[in-house]
Each structure stands twice: as C-alpha cells, then as structure tokens.
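Trainee: Before I ask anything, here is the structure I am working with.
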Amino acid sequence: MAVRTIVQLGDEHLKKISEPVKEINEEILNLVKDLKDTLATVEGVGLAAPQIAVNKRVIYIDLRDGSEPIVLINPVITEKEGSEMDYEGCLSYVGYEGMVERPTRVVVQALNEDGDLMEYEATDFLARCFCHEIDHLEGIMYTDKATEIFELEEEEYEDEEEYEE
C-alpha cells in the first residue's frame, strides 16, 4: 500500500497504549500492508503500528531468514520463562543499542490477518522480537528497560542494522 515514516524516540505515538482492534476490516488490512511495505525498506525485523504513528495493536515481524512473516493483531503474552540480557536496537531510535533483559521463551496468542486465533511459541531471538514489539503497543520503548545504552559508530551502525527491531 504505502511506505510510511517511522517515528522516532520522543514522538507521542510511542508513549501511548494502543487500542485493541475490534474488527479486521479494510483499514486494518491496509495497516498490515503499510507495516510490510515500510519494513521492507529498512534493515529491521519487526515493526509495530505505533512506530508508523498508528496506535492500534498490530505488529508485523519478518526475520528475513526464510521463515514465514508473522502478523500479530491484539497479541497477548500468555507464558514467559527464562531470562537473558542482550543487545537490542529499534527502528524508532536509530544509531543506538541497549542491553535489555527479556524472557528466553514466550507463548503469544494473537489474531492473524484472517481473524484466526493463533498461538506462537517462541524462543531466543524471536521471543525477544515478540516482547520488543508488544512493548511498543504498551507505550514502552526498549530504552525504558535498558540497563545501558550505547551510541553506535556510523560504520558499526551500517553493519549492525540487521539487529534492529
């Protein structure tokens, strides 16, 4: 549909709790397409609707590893276990990374584009992606949870972009 501008840290949309999707209609399907189109133009692996200035509970994740991309509508984490500190970046805070503690395993329930209730069990990096993107729906940035934040050198930033979510 359209490539949208990814809002940056400080934008009001990133601090708001997003509204649940009540009906999967043309507006929501167009939003999913916009998330896909926008993510395809950058080096990240996930994008939540608030990052394109839409406070709806919609997420698009594409690990770009040959696995099927994932659409999450109204996602809820139903189980968490484990804990790991690791680096995270964000398309809404370009040029920085932070050390963030996340669960090593999560179970997420969400609707897909067809309105079917799906359940995803994720570990390690995908679990981190789910948590990072779901936090965006709650108005939480990784910077709110990071124990340390590092500014990337320009060359490092260009090499590390695939780690951004």
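Every chain in the structure tokens takes a letter, A first, then B, and so on in the order presented; its residues are numbered from 1, and the ligands are numbered from 1 following the presented order.
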Do you know which residues are at most 7 Å from range 94-100 of chain A counting only C-alpha atoms, after dropping those on the same chain fewer than 6 positions away, and could you put them as a list in words?

Mentor: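 Listing them by chain and then by number gives Met85, Asp86, Tyr87, Glu88, Tyr142, Thr143, Lys145, Ala146, Thr147, Glu148, Ile149, Phe150, Glu151, Leu152 and Tyr157 of chain A.
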
Trainee: Using only C-alpha atoms, which protein or nucleic acid residues come within 12 Å of Leu91 in chain A? Drop anything in the same chain fewer than 3 positions from it, and give the result as a PDB file with N, CA, C and O atoms, in the first residue's frame.

Mentor:
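around-v3.pdb was written with the following content:
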```
ATOM      1  N   THR A   5       6.480   6.810   7.225  1.00  0.00           N
ATOM      2  CA  THR A   5       7.598   7.317   8.014  1.00  0.00           C
ATOM      3  C   THR A   5       7.606   6.597   9.358  1.00  0.00           C
ATOM      4  O   THR A   5       6.565   6.463  10.009  1.00  0.00           O
ATOM      5  N   ILE A   6       8.776   6.138   9.766  1.00  0.00           N
ATOM      6  CA  ILE A   6       8.927   5.515  11.090  1.00  0.00           C
ATOM      7  C   ILE A   6       9.230   6.640  12.079  1.00  0.00           C
ATOM      8  O   ILE A   6      10.236   7.340  11.937  1.00  0.00           O
ATOM      9  N   VAL A   7       8.348   6.819  13.048  1.00  0.00           N
ATOM     10  CA  VAL A   7       8.522   7.897  14.027  1.00  0.00           C
ATOM     11  C   VAL A   7       9.682   7.555  14.959  1.00  0.00           C
ATOM     12  O   VAL A   7      10.011   6.388  15.168  1.00  0.00           O
ATOM     13  N   GLN A   8      10.293   8.583  15.512  1.00  0.00           N
ATOM     14  CA  GLN A   8      11.480   8.414  16.342  1.00  0.00           C
ATOM     15  C   GLN A   8      11.196   8.741  17.812  1.00  0.00           C
ATOM     16  O   GLN A   8      10.203   9.388  18.134  1.00  0.00           O
ATOM     17  N   LEU A   9      12.090   8.248  18.662  1.00  0.00           N
ATOM     18  CA  LEU A   9      12.000   8.448  20.100  1.00  0.00           C
ATOM     19  C   LEU A   9      11.621   9.901  20.388  1.00  0.00           C
ATOM     20  O   LEU A   9      12.207  10.819  19.822  1.00  0.00           O
ATOM     21  N   LEU A  14       4.689   6.824  20.440  1.00  0.00           N
ATOM     22  CA  LEU A  14       5.489   5.769  21.056  1.00  0.00           C
ATOM     23  C   LEU A  14       5.255   5.643  22.556  1.00  0.00           C
ATOM     24  O   LEU A  14       5.705   4.679  23.166  1.00  0.00           O
ATOM     25  N   THR A  38       6.685  -0.808   4.703  1.00  0.00           N
ATOM     26  CA  THR A  38       7.644   0.039   5.404  1.00  0.00           C
ATOM     27  C   THR A  38       8.831  -0.786   5.889  1.00  0.00           C
ATOM     28  O   THR A  38       9.984  -0.387   5.700  1.00  0.00           O
ATOM     29  N   LEU A  39       8.559  -1.941   6.494  1.00  0.00           N
ATOM     30  CA  LEU A  39       9.650  -2.785   6.996  1.00  0.00           C
ATOM     31  C   LEU A  39      10.552  -3.246   5.852  1.00  0.00           C
ATOM     32  O   LEU A  39      11.761  -3.383   6.034  1.00  0.00           O
ATOM     33  N   THR A  41      11.667  -1.633   3.505  1.00  0.00           N
ATOM     34  CA  THR A  41      12.588  -0.582   3.062  1.00  0.00           C
ATOM     35  C   THR A  41      13.737  -0.344   4.038  1.00  0.00           C
ATOM     36  O   THR A  41      14.599   0.503   3.776  1.00  0.00           O
ATOM     37  N   VAL A  42      13.730  -1.041   5.176  1.00  0.00           N
ATOM     38  CA  VAL A  42      14.751  -0.846   6.210  1.00  0.00           C
ATOM     39  C   VAL A  42      15.359  -2.195   6.582  1.00  0.00           C
ATOM     40  O   VAL A  42      14.918  -3.231   6.104  1.00  0.00           O
ATOM     41  N   GLU A  43      16.337  -2.176   7.473  1.00  0.00           N
ATOM     42  CA  GLU A  43      17.048  -3.398   7.831  1.00  0.00           C
ATOM     43  C   GLU A  43      16.537  -4.055   9.110  1.00  0.00           C
ATOM     44  O   GLU A  43      17.196  -4.930   9.637  1.00  0.00           O
ATOM     45  N   GLY A  44      15.391  -3.649   9.628  1.00  0.00           N
ATOM     46  CA  GLY A  44      14.860  -4.229  10.851  1.00  0.00           C
ATOM     47  C   GLY A  44      14.111  -5.522  10.608  1.00  0.00           C
ATOM     48  O   GLY A  44      13.919  -5.948   9.466  1.00  0.00           O
ATOM     49  N   VAL A  45      13.674  -6.149  11.700  1.00  0.00           N
ATOM     50  CA  VAL A  45      12.946  -7.415  11.598  1.00  0.00           C
ATOM     51  C   VAL A  45      11.523  -7.325  12.129  1.00  0.00           C
ATOM     52  O   VAL A  45      10.754  -8.272  12.001  1.00  0.00           O
ATOM     53  N   GLY A  46      11.158  -6.215  12.741  1.00  0.00           N
ATOM     54  CA  GLY A  46       9.812  -6.075  13.271  1.00  0.00           C
ATOM     55  C   GLY A  46       9.385  -4.626  13.294  1.00  0.00           C
ATOM     56  O   GLY A  46      10.220  -3.721  13.382  1.00  0.00           O
ATOM     57  N   LEU A  47       8.068  -4.441  13.199  1.00  0.00           N
ATOM     58  CA  LEU A  47       7.518  -3.093  13.214  1.00  0.00           C
ATOM     59  C   LEU A  47       6.126  -3.153  13.827  1.00  0.00           C
ATOM     60  O   LEU A  47       5.299  -3.988  13.440  1.00  0.00           O
ATOM     61  N   ALA A  48       5.889  -2.279  14.787  1.00  0.00           N
ATOM     62  CA  ALA A  48       4.577  -2.176  15.433  1.00  0.00           C
ATOM     63  C   ALA A  48       3.883  -0.919  14.923  1.00  0.00           C
ATOM     64  O   ALA A  48       4.533   0.078  14.593  1.00  0.00           O
ATOM     65  N   PRO A  50       2.367   1.600  16.267  1.00  0.00           N
ATOM     66  CA  PRO A  50       2.718   2.916  16.816  1.00  0.00           C
ATOM     67  C   PRO A  50       3.977   3.517  16.178  1.00  0.00           C
ATOM     68  O   PRO A  50       4.135   4.738  16.157  1.00  0.00           O
ATOM     69  N   GLN A  51       4.846   2.669  15.634  1.00  0.00           N
ATOM     70  CA  GLN A  51       6.070   3.170  15.019  1.00  0.00           C
ATOM     71  C   GLN A  51       5.800   3.872  13.693  1.00  0.00           C
ATOM     72  O   GLN A  51       6.678   4.577  13.190  1.00  0.00           O
ATOM     73  N   ILE A  52       4.601   3.685  13.134  1.00  0.00           N
ATOM     74  CA  ILE A  52       4.212   4.448  11.945  1.00  0.00           C
ATOM     75  C   ILE A  52       3.037   5.374  12.287  1.00  0.00           C
ATOM     76  O   ILE A  52       2.216   5.691  11.444  1.00  0.00           O
ATOM     77  N   GLU A  88      19.750  -4.811  22.061  1.00  0.00           N
ATOM     78  CA  GLU A  88      18.569  -4.540  21.249  1.00  0.00           C
ATOM     79  C   GLU A  88      18.727  -3.186  20.612  1.00  0.00           C
ATOM     80  O   GLU A  88      19.289  -2.281  21.203  1.00  0.00           O
ATOM     81  N   VAL A  94      17.262   5.040  15.910  1.00  0.00           N
ATOM     82  CA  VAL A  94      18.324   4.625  15.004  1.00  0.00           C
ATOM     83  C   VAL A  94      19.683   5.095  15.513  1.00  0.00           C
ATOM     84  O   VAL A  94      19.826   6.220  15.991  1.00  0.00           O
ATOM     85  N   GLY A  95      20.669   4.187  15.415  1.00  0.00           N
ATOM     86  CA  GLY A  95      22.028   4.549  15.786  1.00  0.00           C
ATOM     87  C   GLY A  95      22.387   4.227  17.224  1.00  0.00           C
ATOM     88  O   GLY A  95      23.479   4.586  17.680  1.00  0.00           O
ATOM     89  N   TYR A  96      21.503   3.537  17.937  1.00  0.00           N
ATOM     90  CA  TYR A  96      21.738   3.197  19.336  1.00  0.00           C
ATOM     91  C   TYR A  96      21.361   1.745  19.579  1.00  0.00           C
ATOM     92  O   TYR A  96      20.526   1.176  18.879  1.00  0.00           O
ATOM     93  N   GLU A  97      21.976   1.156  20.598  1.00  0.00           N
ATOM     94  CA  GLU A  97      21.619  -0.166  21.093  1.00  0.00           C
ATOM     95  C   GLU A  97      21.627  -0.101  22.601  1.00  0.00           C
ATOM     96  O   GLU A  97      22.304   0.740  23.194  1.00  0.00           O
ATOM     97  N   HIS A 132       9.696  -7.157  22.406  1.00  0.00           N
ATOM     98  CA  HIS A 132      10.052  -5.795  21.995  1.00  0.00           C
ATOM     99  C   HIS A 132       8.869  -5.123  21.295  1.00  0.00           C
ATOM    100  O   HIS A 132       8.499  -3.986  21.623  1.00  0.00           O
ATOM    101  N   GLU A 133       8.272  -5.814  20.333  1.00  0.00           N
ATOM    102  CA  GLU A 133       7.178  -5.225  19.560  1.00  0.00           C
ATOM    103  C   GLU A 133       5.907  -5.080  20.399  1.00  0.00           C
ATOM    104  O   GLU A 133       5.199  -4.075  20.287  1.00  0.00           O
ATOM    105  N   HIS A 136       5.953  -2.006  22.393  1.00  0.00           N
ATOM    106  CA  HIS A 136       5.552  -0.803  21.650  1.00  0.00           C
ATOM    107  C   HIS A 136       4.046  -0.561  21.774  1.00  0.00           C
ATOM    108  O   HIS A 136       3.607   0.586  21.847  1.00  0.00           O
ATOM    109  N   MET A 141       9.300   1.714  25.225  1.00  0.00           N
ATOM    110  CA  MET A 141      10.460   1.582  24.336  1.00  0.00           C
ATOM    111  C   MET A 141      11.516   0.742  25.057  1.00  0.00           C
ATOM    112  O   MET A 141      11.564   0.726  26.292  1.00  0.00           O
ATOM    113  N   TYR A 142      12.391   0.103  24.296  1.00  0.00           N
ATOM    114  CA  TYR A 142      13.458  -0.669  24.935  1.00  0.00           C
ATOM    115  C   TYR A 142      14.316   0.221  25.821  1.00  0.00           C
ATOM    116  O   TYR A 142      14.895  -0.238  26.807  1.00  0.00           O
ATOM    117  N   TYR A 157      27.029   1.014  12.920  1.00  0.00           N
ATOM    118  CA  TYR A 157      25.593   1.116  12.691  1.00  0.00           C
ATOM    119  C   TYR A 157      25.218   0.490  11.353  1.00  0.00           C
ATOM    120  O   TYR A 157      24.285  -0.282  11.249  1.00  0.00           O
ATOM    121  N   GLU A 161      22.745  -3.038  11.367  1.00  0.00           N
ATOM    122  CA  GLU A 161      21.339  -2.725  11.169  1.00  0.00           C
ATOM    123  C   GLU A 161      20.440  -3.951  11.205  1.00  0.00           C
ATOM    124  O   GLU A 161      19.291  -3.857  11.588  1.00  0.00           O
ATOM    125  N   GLU A 162      20.958  -5.126  10.856  1.00  0.00           N
ATOM    126  CA  GLU A 162      20.082  -6.302  10.841  1.00  0.00           C
ATOM    127  C   GLU A 162      19.628  -6.680  12.242  1.00  0.00           C
ATOM    128  O   GLU A 162      18.700  -7.449  12.399  1.00  0.00           O
ATOM    129  N   TYR A 163      20.247  -6.130  13.289  1.00  0.00           N
ATOM    130  CA  TYR A 163      19.838  -6.452  14.644  1.00  0.00           C
ATOM    131  C   TYR A 163      18.723  -5.553  15.156  1.00  0.00           C
ATOM    132  O   TYR A 163      18.200  -5.771  16.229  1.00  0.00           O
ATOM    133  N   GLU A 164      18.371  -4.529  14.407  1.00  0.00           N
ATOM    134  CA  GLU A 164      17.326  -3.613  14.844  1.00  0.00           C
ATOM    135  C   GLU A 164      15.967  -4.262  14.691  1.00  0.00           C
ATOM    136  O   GLU A 164      15.734  -5.057  13.813  1.00  0.00           O
ATOM    137  N   GLU A 165      15.077  -3.885  15.581  1.00  0.00           N
ATOM    138  CA  GLU A 165      13.709  -4.405  15.539  1.00  0.00           C
ATOM    139  C   GLU A 165      12.741  -3.273  15.325  1.00  0.00           C
ATOM    140  O   GLU A 165      12.942  -2.187  15.690  1.00  0.00           O
TER     141      GLU A 165
END
```

Trainee: For the atom pair CA of Glu101 in chain A and CA of Glu84 in chain A, what is the interatomic distance in Å to one decimal place?

Mentor: 5.4 Å

Trainee: Please return as a PyMOL selection string: the residues of range 5-64 of chain A that backbone DSSP assigns to strand (DSSP E or B).

Mentor: chain A and resi 19+46-48+56+58-61

Trainee: Keeping N, CA and C atoms, export the residues of the selection given above as a compact mmCIF listing (two decimals), in the first residue's frame.

Mentor:
```txt
# COMPACT_ATOMS: atom_id res chain seq x y z
N GLU A 19 -4.81 0.95 20.99
CA GLU A 19 -6.19 0.46 21.09
C GLU A 19 -6.30 -0.93 20.47
N GLY A 46 11.16 -6.22 12.74
CA GLY A 46 9.81 -6.07 13.27
C GLY A 46 9.39 -4.63 13.29
N LEU A 47 8.07 -4.44 13.20
CA LEU A 47 7.52 -3.09 13.21
C LEU A 47 6.13 -3.15 13.83
N ALA A 48 5.89 -2.28 14.79
CA ALA A 48 4.58 -2.18 15.43
C ALA A 48 3.88 -0.92 14.92
N LYS A 56 -2.77 1.32 17.09
CA LYS A 56 -3.59 0.11 17.03
C LYS A 56 -2.69 -1.07 17.39
N VAL A 58 -1.30 -3.81 16.35
CA VAL A 58 -0.92 -4.57 15.16
C VAL A 58 0.60 -4.56 15.03
N ILE A 59 1.16 -5.76 14.74
CA ILE A 59 2.61 -5.94 14.62
C ILE A 59 2.89 -6.78 13.38
N TYR A 60 4.01 -6.48 12.73
CA TYR A 60 4.49 -7.29 11.61
C TYR A 60 5.94 -7.66 11.89
N ILE A 61 6.25 -8.96 11.83
CA ILE A 61 7.61 -9.45 12.07
C ILE A 61 8.04 -10.27 10.87
```

Trainee: What residues in chain A get the DSSP label alpha helix (DSSP H)? Please answer as a ChimeraX atom specification.

Mentor: /A:26-39,124-137,154-160

Trainee: Compare A:Lys15, A:Arg4, A:Asn74, A:Val106 by their minimum atom-to-atom distance to Asp144 in chain A, counting only C-alpha atoms, and give me the closest one.

Mentor: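 Using only C-alpha atoms, Asp144 in chain A sits closest to A:Lys15.
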
Trainee: What lies within 12 Å of Ile28 in chain A using only C-alpha atoms, ignoring chain neighbours under 6 positions off, as an MDAnalysis selection string?

Mentor: chainID A and resid 1 20:22 34:35 49 54:59 71:74 111:115

Trainee: Could you work out how far CA of Val107 in chain A lies from CA of Thr78 in chain A, giving the answer in Å with one decimal?

Mentor: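 Between CA of Thr78 in chain A and CA of Val107 in chain A the gap works out to 5.5 Å.
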
Trainee: Write out as a PyMOL selection string which residues come within 9 Å of Cys131 in chain A when counting only C-alpha atoms, dropping same-chain ones fewer than 3 positions away.

Mentor: chain A and resi 77+102-103+106+126-128+134-136

Trainee: Grab the CA of Glu12 in chain A to CA of Leu31 in chain A distance for me, in Å with one decimal place.

Mentor: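 Taking CA of Glu12 in chain A and CA of Leu31 in chain A, their separation equals 18.9 Å.
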